[in-house]
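Asks: Have a peek at final.pdb (PDB, C-alpha atoms, pLDDT in the B column).
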ATOM      1  CA  PRO A 839      91.726  13.139-129.850  1.00 46.00           C
ATOM      2  CA  SER A 840      91.550  16.664-128.495  1.00 38.00           C
ATOM      3  CA  THR A 841      90.038  16.978-125.026  1.00 41.00           C
ATOM      4  CA  THR A 842      90.276  20.758-124.768  1.00 39.00           C
ATOM      5  CA  PRO A 843      86.893  22.479-124.382  1.00 40.00           C
ATOM      6  CA  PRO A 844      86.062  25.861-125.910  1.00 39.00           C
ATOM      7  CA  PRO A 845      86.400  28.844-123.553  1.00 38.00           C
ATOM      8  CA  ARG A 846      83.661  29.561-120.995  1.00 43.00           C
ATOM      9  CA  LYS A 847      80.951  28.215-122.469  1.00 36.00           C
ATOM     10  CA  SER A 848      70.364  21.591-125.583  1.00 31.00           C
ATOM     11  CA  THR A 849      71.141  19.205-127.544  1.00 27.00           C
ATOM     12  CA  ALA A 850      70.914  18.018-131.121  1.00 28.00           C
ATOM     13  CA  PRO A 851      67.744  16.296-132.383  1.00 29.00           C
ATOM     14  CA  ALA A 852      67.088  12.993-130.660  1.00 33.00           C
ATOM     15  CA  ASP A 853      67.810   9.665-132.320  1.00 36.00           C
ATOM     16  CA  SER A 854      65.848   6.453-131.853  1.00 34.00           C
ATOM     17  CA  ALA A 855      65.536   5.343-128.239  1.00 39.00           C
ATOM     18  CA  ALA A 856      68.216   3.006-126.967  1.00 43.00           C
ATOM     19  CA  LYS A 857      67.390  -0.156-125.060  1.00 42.00           C
ATOM     20  CA  SER A 858      67.472   0.593-121.339  1.00 39.00           C
ATOM     21  CA  THR A 859      67.108  -1.372-118.148  1.00 40.00           C
ATOM     22  CA  THR A 860      64.607  -0.792-115.370  1.00 37.00           C
ATOM     23  CA  PRO A 861      65.803   1.927-112.957  1.00 40.00           C
ATOM     24  CA  GLN A 862      66.456   1.303-109.293  1.00 42.00           C
ATOM     25  CA  ARG A 863      64.589   3.558-106.861  1.00 41.00           C
ATOM     26  CA  ALA A 864      66.541   5.907-104.669  1.00 38.00           C
ATOM     27  CA  SER A 865      66.268   6.857-101.025  1.00 42.00           C
ATOM     28  CA  GLY A 866      65.357  10.362 -99.885  1.00 49.00           C
ATOM     29  CA  SER A 867      68.892  11.251 -98.789  1.00 82.00           C
ATOM     30  CA  ALA A 868      71.748  12.328-101.039  1.00 94.00           C
ATOM     31  CA  PRO A 869      74.749  10.289 -99.859  1.00 96.00           C
ATOM     32  CA  LEU A 870      76.800  11.045-102.992  1.00 97.00           C
ATOM     33  CA  ALA A 871      76.385  14.830-102.917  1.00 96.00           C
ATOM     34  CA  ASP A 872      79.444  16.938-102.171  1.00 94.00           C
ATOM     35  CA  ARG A 873      79.374  20.745-102.133  1.00 95.00           C
ATOM     36  CA  ILE A 874      75.852  21.188-103.518  1.00 97.00           C
ATOM     37  CA  ARG A 875      73.397  19.317-101.332  1.00 96.00           C
ATOM     38  CA  PRO A 876      69.586  19.175-101.370  1.00 96.00           C
ATOM     39  CA  GLY A 877      67.764  20.860 -98.529  1.00 95.00           C
ATOM     40  CA  THR A 878      70.574  23.394 -98.111  1.00 97.00           C
ATOM     41  CA  SER A 879      70.388  27.142 -98.752  1.00 97.00           C
ATOM     42  CA  TYR A 880      73.512  28.811-100.140  1.00 98.00           C
ATOM     43  CA  GLU A 881      74.349  32.503 -99.903  1.00 98.00           C
ATOM     44  CA  GLY A 882      76.210  34.434-102.546  1.00 97.00           C
ATOM     45  CA  VAL A 883      75.907  37.093-105.212  1.00 98.00           C
ATOM     46  CA  ALA A 884      74.315  37.001-108.628  1.00 98.00           C
ATOM     47  CA  THR A 885      75.815  38.711-111.654  1.00 98.00           C
ATOM     48  CA  PHE A 886      75.059  38.222-115.351  1.00 98.00           C
ATOM     49  CA  TYR A 887      77.006  37.668-118.557  1.00 97.00           C
ATOM     50  CA  ASP A 888      76.502  37.441-122.306  1.00 96.00           C
ATOM     51  CA  THR A 889      75.456  33.825-122.790  1.00 96.00           C
ATOM     52  CA  GLY A 890      75.811  33.978-126.576  1.00 95.00           C
ATOM     53  CA  ASN A 891      74.247  30.885-128.149  1.00 95.00           C
ATOM     54  CA  GLY A 892      73.749  29.272-124.750  1.00 94.00           C
ATOM     55  CA  ASP A 893      76.681  26.849-124.889  1.00 96.00           C
ATOM     56  CA  GLY A 894      79.072  26.713-121.952  1.00 97.00           C
ATOM     57  CA  ALA A 895      81.754  24.760-120.124  1.00 98.00           C
ATOM     58  CA  CYS A 896      79.303  21.866-119.652  1.00 98.00           C
ATOM     59  CA  LEU A 897      79.395  21.440-123.468  1.00 98.00           C
ATOM     60  CA  TYR A 898      75.679  20.829-123.817  1.00 97.00           C
ATOM     61  CA  GLY A 899      75.706  22.817-127.057  1.00 96.00           C
ATOM     62  CA  PRO A 900      73.632  25.770-128.286  1.00 95.00           C
ATOM     63  CA  THR A 901      70.201  26.116-126.713  1.00 94.00           C
ATOM     64  CA  ASP A 902      67.112  28.299-126.847  1.00 93.00           C
ATOM     65  CA  ASP A 903      66.737  27.931-123.068  1.00 94.00           C
ATOM     66  CA  VAL A 904      67.490  31.368-121.641  1.00 96.00           C
ATOM     67  CA  MET A 905      67.059  30.461-117.968  1.00 98.00           C
ATOM     68  CA  THR A 906      70.619  29.267-117.407  1.00 98.00           C
ATOM     69  CA  ALA A 907      73.566  30.109-115.183  1.00 98.00           C
ATOM     70  CA  ALA A 908      77.287  29.616-114.713  1.00 98.00           C
ATOM     71  CA  MET A 909      78.289  28.125-111.360  1.00 98.00           C
ATOM     72  CA  ASN A 910      81.307  29.546-109.545  1.00 98.00           C
ATOM     73  CA  HIS A 911      84.523  27.539-109.927  1.00 97.00           C
ATOM     74  CA  THR A 912      84.446  26.106-106.387  1.00 97.00           C
ATOM     75  CA  ASP A 913      80.856  24.867-106.455  1.00 98.00           C
ATOM     76  CA  TYR A 914      81.178  23.815-110.115  1.00 98.00           C
ATOM     77  CA  GLU A 915      83.283  20.996-108.690  1.00 97.00           C
ATOM     78  CA  THR A 916      84.890  19.634-111.894  1.00 97.00           C
ATOM     79  CA  SER A 917      81.521  19.792-113.721  1.00 98.00           C
ATOM     80  CA  LYS A 918      79.501  17.982-111.025  1.00 98.00           C
ATOM     81  CA  ALA A 919      77.173  21.009-111.005  1.00 98.00           C
ATOM     82  CA  CYS A 920      76.437  20.621-114.733  1.00 98.00           C
ATOM     83  CA  GLY A 921      72.748  20.113-115.401  1.00 98.00           C
ATOM     84  CA  ALA A 922      71.716  20.985-111.843  1.00 98.00           C
ATOM     85  CA  HIS A 923      68.542  23.030-111.473  1.00 98.00           C
ATOM     86  CA  VAL A 924      68.697  25.695-108.766  1.00 98.00           C
ATOM     87  CA  LEU A 925      66.130  28.069-107.359  1.00 98.00           C
ATOM     88  CA  VAL A 926      67.609  31.550-106.926  1.00 98.00           C
ATOM     89  CA  ARG A 927      65.990  34.086-104.578  1.00 98.00           C
ATOM     90  CA  ALA A 928      66.705  37.806-104.242  1.00 98.00           C
ATOM     91  CA  ALA A 929      66.196  39.912-101.115  1.00 96.00           C
ATOM     92  CA  ASN A 930      63.198  41.625-102.749  1.00 96.00           C
ATOM     93  CA  GLY A 931      61.317  38.304-102.831  1.00 97.00           C
ATOM     94  CA  ALA A 932      61.751  37.652-106.548  1.00 98.00           C
ATOM     95  CA  SER A 933      62.918  34.198-107.615  1.00 98.00           C
ATOM     96  CA  VAL A 934      63.925  32.296-110.741  1.00 98.00           C
ATOM     97  CA  THR A 935      64.848  28.694-111.544  1.00 98.00           C
ATOM     98  CA  VAL A 936      67.939  28.189-113.707  1.00 98.00           C
ATOM     99  CA  ARG A 937      69.866  25.248-115.132  1.00 98.00           C
ATOM    100  CA  ILE A 938      73.660  25.149-114.728  1.00 98.00           C
ATOM    101  CA  THR A 939      75.327  25.032-118.152  1.00 98.00           C
ATOM    102  CA  ASN A 940      78.592  26.875-117.537  1.00 98.00           C
ATOM    103  CA  GLU A 941      81.430  27.596-115.101  1.00 98.00           C
ATOM    104  CA  CYS A 942      82.164  31.045-113.714  1.00 98.00           C
ATOM    105  CA  PRO A 943      85.965  30.931-113.282  1.00 96.00           C
ATOM    106  CA  LEU A 944      87.942  32.542-110.498  1.00 94.00           C
ATOM    107  CA  PRO A 945      87.655  35.171-109.108  1.00 94.00           C
ATOM    108  CA  CYS A 946      83.978  34.123-108.935  1.00 96.00           C
ATOM    109  CA  ALA A 947      83.540  33.383-105.237  1.00 97.00           C
ATOM    110  CA  PRO A 948      81.936  30.337-103.617  1.00 97.00           C
ATOM    111  CA  GLY A 949      78.167  30.802-103.713  1.00 98.00           C
ATOM    112  CA  GLN A 950      78.271  33.125-106.719  1.00 98.00           C
ATOM    113  CA  LEU A 951      76.064  32.559-109.765  1.00 98.00           C
ATOM    114  CA  ASP A 952      76.638  34.265-113.109  1.00 98.00           C
ATOM    115  CA  LEU A 953      73.174  34.300-114.663  1.00 98.00           C
ATOM    116  CA  SER A 954      71.916  34.749-118.172  1.00 98.00           C
ATOM    117  CA  PRO A 955      70.676  38.335-118.694  1.00 98.00           C
ATOM    118  CA  GLN A 956      67.094  37.064-118.878  1.00 98.00           C
ATOM    119  CA  ALA A 957      67.373  35.199-115.582  1.00 98.00           C
ATOM    120  CA  PHE A 958      68.983  38.163-113.822  1.00 98.00           C
ATOM    121  CA  ALA A 959      66.177  40.425-115.068  1.00 98.00           C
ATOM    122  CA  GLU A 960      63.694  38.198-113.217  1.00 98.00           C
ATOM    123  CA  LEU A 961      65.417  39.188-109.971  1.00 98.00           C
ATOM    124  CA  ALA A 962      66.455  42.823-110.444  1.00 98.00           C
ATOM    125  CA  ALA A 963      66.989  45.565-112.989  1.00 97.00           C
ATOM    126  CA  PRO A 964      70.092  44.905-115.110  1.00 96.00           C
ATOM    127  CA  SER A 965      71.475  48.268-113.927  1.00 97.00           C
ATOM    128  CA  ALA A 966      71.926  46.709-110.470  1.00 97.00           C
ATOM    129  CA  GLY A 967      74.690  44.546-111.961  1.00 95.00           C
ATOM    130  CA  ARG A 968      75.321  42.549-108.796  1.00 97.00           C
ATOM    131  CA  ILE A 969      72.874  41.522-106.076  1.00 98.00           C
ATOM    132  CA  ALA A 970      72.847  39.335-102.981  1.00 98.00           C
ATOM    133  CA  VAL A 971      70.964  36.051-103.404  1.00 98.00           C
ATOM    134  CA  THR A 972      70.309  32.715-101.802  1.00 98.00           C
ATOM    135  CA  TRP A 973      69.924  29.559-103.864  1.00 98.00           C
ATOM    136  CA  SER A 974      69.105  25.897-103.393  1.00 98.00           C
ATOM    137  CA  LEU A 975      69.148  22.691-105.429  1.00 98.00           C
ATOM    138  CA  LEU A 976      65.925  21.440-107.020  1.00 98.00           C
ATOM    139  CA  SER A 977      64.831  18.032-108.282  1.00 98.00           C
ATOM    140  CA  PRO A 978      62.345  19.333-110.851  1.00 97.00           C
ATOM    141  CA  ASP A 979      59.256  17.842-112.410  1.00 96.00           C
ATOM    142  CA  THR A 980      60.189  17.070-116.012  1.00 95.00           C
ATOM    143  CA  SER A 981      59.018  15.024-118.971  1.00 95.00           C
ATOM    144  CA  ASP A 982      62.563  14.885-120.391  1.00 96.00           C
ATOM    145  CA  ARG A 983      64.428  11.609-120.602  1.00 98.00           C
ATOM    146  CA  ILE A 984      68.164  11.148-120.156  1.00 98.00           C
ATOM    147  CA  ALA A 985      70.268  11.045-123.325  1.00 98.00           C
ATOM    148  CA  ILE A 986      73.844   9.918-123.974  1.00 98.00           C
ATOM    149  CA  ARG A 987      76.397  11.511-126.270  1.00 98.00           C
ATOM    150  CA  TYR A 988      79.839  10.263-127.288  1.00 98.00           C
ATOM    151  CA  LYS A 989      82.466  12.956-127.797  1.00 98.00           C
ATOM    152  CA  THR A 990      84.017  13.892-131.127  1.00 98.00           C
ATOM    153  CA  GLY A 991      86.748  11.380-131.969  1.00 98.00           C
ATOM    154  CA  SER A 992      85.330   8.573-129.836  1.00 98.00           C
ATOM    155  CA  SER A 993      85.982   5.002-130.931  1.00 98.00           C
ATOM    156  CA  VAL A 994      86.563   1.587-129.350  1.00 97.00           C
ATOM    157  CA  HIS A 995      90.108   2.785-128.568  1.00 97.00           C
ATOM    158  CA  TRP A 996      89.225   6.062-126.781  1.00 98.00           C
ATOM    159  CA  CYS A 997      85.960   7.672-125.854  1.00 98.00           C
ATOM    160  CA  GLY A 998      84.357  10.479-123.941  1.00 98.00           C
ATOM    161  CA  ILE A 999      80.796   9.968-122.704  1.00 98.00           C
ATOM    162  CA  GLN A1000      78.309  12.621-121.616  1.00 98.00           C
ATOM    163  CA  ALA A1001      74.855  12.293-120.050  1.00 98.00           C
ATOM    164  CA  LEU A1002      72.256  14.961-120.786  1.00 98.00           C
ATOM    165  CA  ASN A1003      68.810  15.937-119.470  1.00 97.00           C
ATOM    166  CA  HIS A1004      69.283  14.261-116.089  1.00 98.00           C
ATOM    167  CA  ARG A1005      66.889  15.512-113.417  1.00 98.00           C
ATOM    168  CA  ASN A1006      69.467  15.356-110.619  1.00 98.00           C
ATOM    169  CA  PRO A1007      73.235  16.019-110.632  1.00 98.00           C
ATOM    170  CA  LEU A1008      75.394  13.038-111.584  1.00 98.00           C
ATOM    171  CA  ALA A1009      77.703  11.471-109.029  1.00 98.00           C
ATOM    172  CA  ARG A1010      79.443   9.015-111.366  1.00 98.00           C
ATOM    173  CA  LEU A1011      79.403   7.272-114.731  1.00 98.00           C
ATOM    174  CA  GLU A1012      80.655   3.714-115.250  1.00 98.00           C
ATOM    175  CA  VAL A1013      81.119   1.437-118.253  1.00 98.00           C
ATOM    176  CA  ARG A1014      81.170  -2.341-118.413  1.00 97.00           C
ATOM    177  CA  ASP A1015      84.413  -3.666-119.860  1.00 94.00           C
ATOM    178  CA  ALA A1016      85.025  -6.811-121.916  1.00 92.00           C
ATOM    179  CA  ALA A1017      85.434  -8.848-118.720  1.00 94.00           C
ATOM    180  CA  GLY A1018      82.034  -7.720-117.450  1.00 95.00           C
ATOM    181  CA  THR A1019      83.524  -5.464-114.780  1.00 96.00           C
ATOM    182  CA  TRP A1020      82.075  -2.021-114.117  1.00 97.00           C
ATOM    183  CA  ARG A1021      84.747   0.686-114.376  1.00 97.00           C
ATOM    184  CA  GLN A1022      84.165   4.205-113.068  1.00 98.00           C
ATOM    185  CA  LEU A1023      85.389   6.817-115.546  1.00 98.00           C
ATOM    186  CA  PRO A1024      87.147  10.015-114.469  1.00 98.00           C
ATOM    187  CA  ARG A1025      85.198  13.222-114.963  1.00 98.00           C
ATOM    188  CA  THR A1026      86.540  16.227-116.844  1.00 98.00           C
ATOM    189  CA  ALA A1027      85.870  19.914-116.200  1.00 98.00           C
ATOM    190  CA  TYR A1028      84.076  20.015-119.577  1.00 98.00           C
ATOM    191  CA  ASN A1029      81.472  17.478-118.461  1.00 98.00           C
ATOM    192  CA  TYR A1030      82.573  14.311-120.257  1.00 98.00           C
ATOM    193  CA  PHE A1031      83.703  11.068-118.635  1.00 98.00           C
ATOM    194  CA  LEU A1032      86.795   9.643-120.336  1.00 98.00           C
ATOM    195  CA  SER A1033      87.952   6.120-121.105  1.00 98.00           C
ATOM    196  CA  GLU A1034      91.501   6.885-122.197  1.00 97.00           C
ATOM    197  CA  GLN A1035      92.354   3.310-123.212  1.00 95.00           C
ATOM    198  CA  GLY A1036      88.954   2.485-124.706  1.00 97.00           C
ATOM    199  CA  SER A1037      87.843   0.128-121.953  1.00 96.00           C
ATOM    200  CA  GLY A1038      84.048  -0.187-122.087  1.00 97.00           C
ATOM    201  CA  CYS A1039      83.619   2.153-125.058  1.00 97.00           C
ATOM    202  CA  GLY A1040      80.464   1.069-126.884  1.00 96.00           C
ATOM    203  CA  GLY A1041      79.350  -1.165-124.022  1.00 96.00           C
ATOM    204  CA  ALA A1042      76.739  -0.786-121.294  1.00 97.00           C
ATOM    205  CA  ILE A1043      76.760   2.522-119.390  1.00 98.00           C
ATOM    206  CA  ARG A1044      75.754   2.957-115.756  1.00 98.00           C
ATOM    207  CA  ILE A1045      75.006   6.386-114.289  1.00 98.00           C
ATOM    208  CA  THR A1046      74.335   7.253-110.651  1.00 98.00           C
ATOM    209  CA  ASP A1047      72.883  10.491-109.289  1.00 98.00           C
ATOM    210  CA  ILE A1048      73.734  12.189-105.986  1.00 98.00           C
ATOM    211  CA  TYR A1049      70.828  10.382-104.293  1.00 98.00           C
ATOM    212  CA  GLY A1050      72.400   7.012-105.082  1.00 97.00           C
ATOM    213  CA  GLU A1051      69.921   5.950-107.761  1.00 98.00           C
ATOM    214  CA  THR A1052      71.587   3.933-110.534  1.00 98.00           C
ATOM    215  CA  LEU A1053      70.342   3.603-114.128  1.00 98.00           C
ATOM    216  CA  THR A1054      71.855   1.246-116.694  1.00 98.00           C
ATOM    217  CA  VAL A1055      71.752   1.892-120.433  1.00 97.00           C
ATOM    218  CA  GLU A1056      72.290  -1.025-122.820  1.00 94.00           C
ATOM    219  CA  GLY A1057      72.704  -1.014-126.600  1.00 87.00           C
ATOM    220  CA  MET A1058      74.197   2.458-126.962  1.00 92.00           C
ATOM    221  CA  SER A1059      76.495   2.430-129.992  1.00 95.00           C
ATOM    222  CA  ILE A1060      79.453   4.775-130.487  1.00 98.00           C
ATOM    223  CA  ARG A1061      78.069   7.595-132.632  1.00 97.00           C
ATOM    224  CA  PRO A1062      80.236  10.661-131.982  1.00 98.00           C
ATOM    225  CA  ASP A1063      78.287  13.900-131.493  1.00 97.00           C
ATOM    226  CA  ALA A1064      74.877  12.190-131.812  1.00 98.00           C
ATOM    227  CA  VAL A1065      72.420  12.670-128.949  1.00 97.00           C
ATOM    228  CA  GLN A1066      70.989   9.211-128.288  1.00 98.00           C
ATOM    229  CA  PRO A1067      67.909   9.168-126.037  1.00 97.00           C
ATOM    230  CA  THR A1068      67.033   6.583-123.432  1.00 97.00           C
ATOM    231  CA  ARG A1069      63.686   5.878-121.790  1.00 96.00           C
ATOM    232  CA  LEU A1070      65.147   6.610-118.358  1.00 98.00           C
ATOM    233  CA  GLN A1071      65.012   9.411-115.830  1.00 98.00           C
ATOM    234  CA  PHE A1072      66.070   9.684-112.196  1.00 98.00           C
ATOM    235  CA  ALA A1073      63.385   9.851-109.500  1.00 98.00           C
ATOM    236  CA  GLN A1074      62.170  13.228-108.267  1.00 97.00           C
ATOM    237  CA  HIS A1075      63.079  14.239-104.710  1.00 96.00           C
TER     238      HIS A1075
END
Written as structure tokens, how would this file's structure read?
Replies:
Amino acid sequence: PSTTPPPRKSTAPADSAAKSTTPQRASGSAPLADRIRPGTSYEGVATFYDTGNGDGACLYGPTDDVMTAAMNHTDYETSKACGAHVLVRAANGASVTVRITNECPLPCAPGQLDLSPQAFAELAAPSAGRIAVTWSLLSPDTSDRIAIRYKTGSSVHWCGIQALNHRNPLARLEVRDAAGTWRQLPRTAYNYFLSEQGSGCGGAIRITDIYGETLTVEGMSIRPDAVQPTRLQFAQH
């Protein structure tokens, strides 16, 4: 199957809830965070771009949510920034919260955010074009629940798995193979985790956020392109 994402780039209607296990509670630290860490303020510049239908490199799909942003290549960190909510502040005191749905490729510098036009307008007049900002990671209050989506072409022989609507950035995704062993899947820059040989495809899925909280989803069948909801969400920090 093709694993090539569309260039620089919400989800489909939810299906019936999958059976899920009870979540484990997390500690207040973020031991699995890398470049983007909670409680840290980052400096950079904000620009804006034509977001089109709202899709992006994270491959969440078209969305009506206009408060989104593309993370610079360095801090995008092979899609680890996907789904992160960040609070962006301008020097004039204005602020806006955005969700990361895209990658801003080089030469976007570390710390840079490429905002949707609507988000940029909350900070400054569009004529400014480029402004200095600081930003920090949030763990927002939300009523959303995590959903799982299998990539186009997925089967028991090969699959790509994506988690959506997670409150906190994901650190890893694992599947349970036929022997009952948990196998961590490699992450792609287009925000899917791949099982190239099919190991664990259609089995239990375990996801862990940057705070170390682990959630396990059982009974999730392989339904390519379908957004399958769970009853789970990571704890707020």
Asks: Which residue gives the smallest distance to Cys997 of chain A among A:Ala957, A:Ile1060, A:Ala884, A:Ala1016, with only C-alpha atoms counted?
Replies: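 Closest to Cys997 of chain A, using only C-alpha atoms: A:Ile1060.
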Asks: Could you give me, as a tab-separated table, every segment 941-985 of chain A residue with an atom at most 9 Å from segment 902-926 of chain A, plus its closest atom pair and distance in Å to one decimal, counting only C-alpha atoms, rows ordered by chain then number?
Replies:
residue	atom	partner	partner_atom	distance
A:Glu941	CA	A:Ala908	CA	4.6
A:Cys942	CA	A:Asn910	CA	4.5
A:Pro943	CA	A:His911	CA	5.0
A:Leu944	CA	A:His911	CA	6.1
A:Pro945	CA	A:His911	CA	8.3
A:Cys946	CA	A:Asn910	CA	5.3
A:Ala947	CA	A:Asn910	CA	6.2
A:Pro948	CA	A:Thr912	CA	5.6
A:Gly949	CA	A:Asn910	CA	6.7
A:Gln950	CA	A:Asn910	CA	5.5
A:Leu951	CA	A:Met909	CA	5.2
A:Asp952	CA	A:Ala908	CA	5.0
A:Leu953	CA	A:Ala907	CA	4.2
A:Ser954	CA	A:Thr906	CA	5.7
A:Pro955	CA	A:Val904	CA	8.2
A:Gln956	CA	A:Val904	CA	6.3
A:Ala957	CA	A:Met905	CA	5.3
A:Phe958	CA	A:Met905	CA	9.0
A:Leu961	CA	A:Val926	CA	8.5
A:Val971	CA	A:Val926	CA	6.6
A:Thr972	CA	A:Val926	CA	5.9
A:Trp973	CA	A:Val926	CA	4.3
A:Ser974	CA	A:Val924	CA	5.4
A:Leu975	CA	A:Val924	CA	4.5
A:Leu976	CA	A:Val924	CA	5.4
A:Ser977	CA	A:His923	CA	7.0
A:Pro978	CA	A:His923	CA	7.2
Asks: Write a file of the selected residues as a compact mmCIF listing (two decimals), keeping the file's coordinate frame, keeping C-alpha atoms.
Replies:
# COMPACT_ATOMS: atom_id res chain seq x y z
CA GLU A 941 81.43 27.60 -115.10
CA CYS A 942 82.16 31.04 -113.71
CA PRO A 943 85.96 30.93 -113.28
CA LEU A 944 87.94 32.54 -110.50
CA PRO A 945 87.66 35.17 -109.11
CA CYS A 946 83.98 34.12 -108.94
CA ALA A 947 83.54 33.38 -105.24
CA PRO A 948 81.94 30.34 -103.62
CA GLY A 949 78.17 30.80 -103.71
CA GLN A 950 78.27 33.12 -106.72
CA LEU A 951 76.06 32.56 -109.76
CA ASP A 952 76.64 34.26 -113.11
CA LEU A 953 73.17 34.30 -114.66
CA SER A 954 71.92 34.75 -118.17
CA PRO A 955 70.68 38.34 -118.69
CA GLN A 956 67.09 37.06 -118.88
CA ALA A 957 67.37 35.20 -115.58
CA PHE A 958 68.98 38.16 -113.82
CA LEU A 961 65.42 39.19 -109.97
CA VAL A 971 70.96 36.05 -103.40
CA THR A 972 70.31 32.72 -101.80
CA TRP A 973 69.92 29.56 -103.86
CA SER A 974 69.10 25.90 -103.39
CA LEU A 975 69.15 22.69 -105.43
CA LEU A 976 65.92 21.44 -107.02
CA SER A 977 64.83 18.03 -108.28
CA PRO A 978 62.34 19.33 -110.85
Asks: Starting from the shown file, work through the PyMOL selection byres ((chain A and resi 1030) around 7) and note down what comes out as a list in words.
Replies: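 After applying the PyMOL selection byres ((chain A and resi 1030) around 7), what remains is Gly998, Ile999, Gln1000, Arg1025, Thr1026, Tyr1028, Asn1029, Phe1031 and Leu1032 of chain A.
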Asks: So, with only C-alpha atoms as the atoms that count, which of A:Val1065, A:Val1013, A:Ile986, A:Val936 lies closest to Gly1036 of chain A?
Replies: A:Val1013
Asks: In Å, with one decimal, what is the gap from atom CA of Gly1050 of chain A to atom CA of Ala985 of chain A?
Replies: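 For atom CA of Gly1050 of chain A relative to atom CA of Ala985 of chain A, the distance reads 18.8 Å.
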Asks: Looking at A:Glu881, A:Thr889, A:Thr1054, A:Glu1012, which one is nearest to Ala929 of chain A, with distances taken over all atoms listed in the file?
Replies: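 With all atoms listed in the file as the atom set, the closest residue is A:Glu881.
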Asks: Please compute the atom CA of Pro1007 of chain A-atom CA of Ala868 of chain A distance, one decimal, in Å.
Replies: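 Interatomic distance here is 10.4 Å.
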Asks: Suppose you want the space between atom CA of Glu960 of chain A and atom CA of Leu1008 of chain A; what is it in Å?
Replies: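 Computing it gives 27.8 Å between the two atoms.
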Asks: Could you check which of A:His1075, A:Val883, A:Cys1039, A:His1004 is closest to Gly967 of chain A, using all atoms listed in the file?
Replies: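 Between A:His1075, A:Val883, A:Cys1039, A:His1004, the residue approaching Gly967 of chain A most closely is A:Val883.
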Asks: Since the input lacks atoms, please generate N, CA, C and O atoms for segment 915-927 of chain A and provide them as a short mmCIF file (atom, residue, chain, number, x, y, z; two decimals), in the frame of the given file.
Replies:
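Saved to result-v6.cif:
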data_model
loop_
_atom_site.label_atom_id
_atom_site.label_comp_id
_atom_site.auth_asym_id
_atom_site.auth_seq_id
_atom_site.Cartn_x
_atom_site.Cartn_y
_atom_site.Cartn_z
N GLU A 915 82.77 22.29 -109.16
CA GLU A 915 83.28 21.00 -108.69
C GLU A 915 83.59 20.01 -109.84
O GLU A 915 83.05 18.92 -109.91
N THR A 916 84.48 20.45 -110.75
CA THR A 916 84.89 19.63 -111.89
C THR A 916 83.67 19.12 -112.67
O THR A 916 83.57 17.96 -113.01
N SER A 917 82.72 20.01 -112.90
CA SER A 917 81.52 19.79 -113.72
C SER A 917 80.42 19.01 -113.01
O SER A 917 79.41 18.68 -113.64
N LYS A 918 80.57 18.70 -111.73
CA LYS A 918 79.50 17.98 -111.02
C LYS A 918 78.22 18.81 -110.95
O LYS A 918 77.12 18.27 -110.84
N ALA A 919 78.35 20.14 -111.04
CA ALA A 919 77.17 21.01 -111.00
C ALA A 919 76.43 21.04 -112.34
O ALA A 919 75.29 21.52 -112.40
N CYS A 920 77.05 20.54 -113.40
CA CYS A 920 76.44 20.62 -114.73
C CYS A 920 75.07 19.94 -114.75
O CYS A 920 74.92 18.80 -114.30
N GLY A 921 74.10 20.64 -115.29
CA GLY A 921 72.75 20.11 -115.40
C GLY A 921 71.90 20.30 -114.17
O GLY A 921 70.69 20.03 -114.20
N ALA A 922 72.48 20.77 -113.07
CA ALA A 922 71.72 20.98 -111.84
C ALA A 922 70.72 22.12 -112.05
O ALA A 922 71.00 23.11 -112.72
N HIS A 923 69.55 21.97 -111.47
CA HIS A 923 68.54 23.03 -111.47
C HIS A 923 68.55 23.68 -110.09
O HIS A 923 68.46 22.98 -109.07
N VAL A 924 68.67 25.00 -110.05
CA VAL A 924 68.70 25.70 -108.77
C VAL A 924 67.67 26.82 -108.75
O VAL A 924 67.44 27.49 -109.75
N LEU A 925 67.07 26.98 -107.59
CA LEU A 925 66.13 28.07 -107.36
C LEU A 925 66.90 29.22 -106.73
O LEU A 925 67.52 29.05 -105.67
N VAL A 926 66.86 30.38 -107.38
CA VAL A 926 67.61 31.55 -106.93
C VAL A 926 66.62 32.59 -106.40
O VAL A 926 65.63 32.92 -107.07
N ARG A 927 66.88 33.10 -105.20
CA ARG A 927 65.99 34.09 -104.58
C ARG A 927 66.76 35.36 -104.27
O ARG A 927 67.88 35.31 -103.75
#
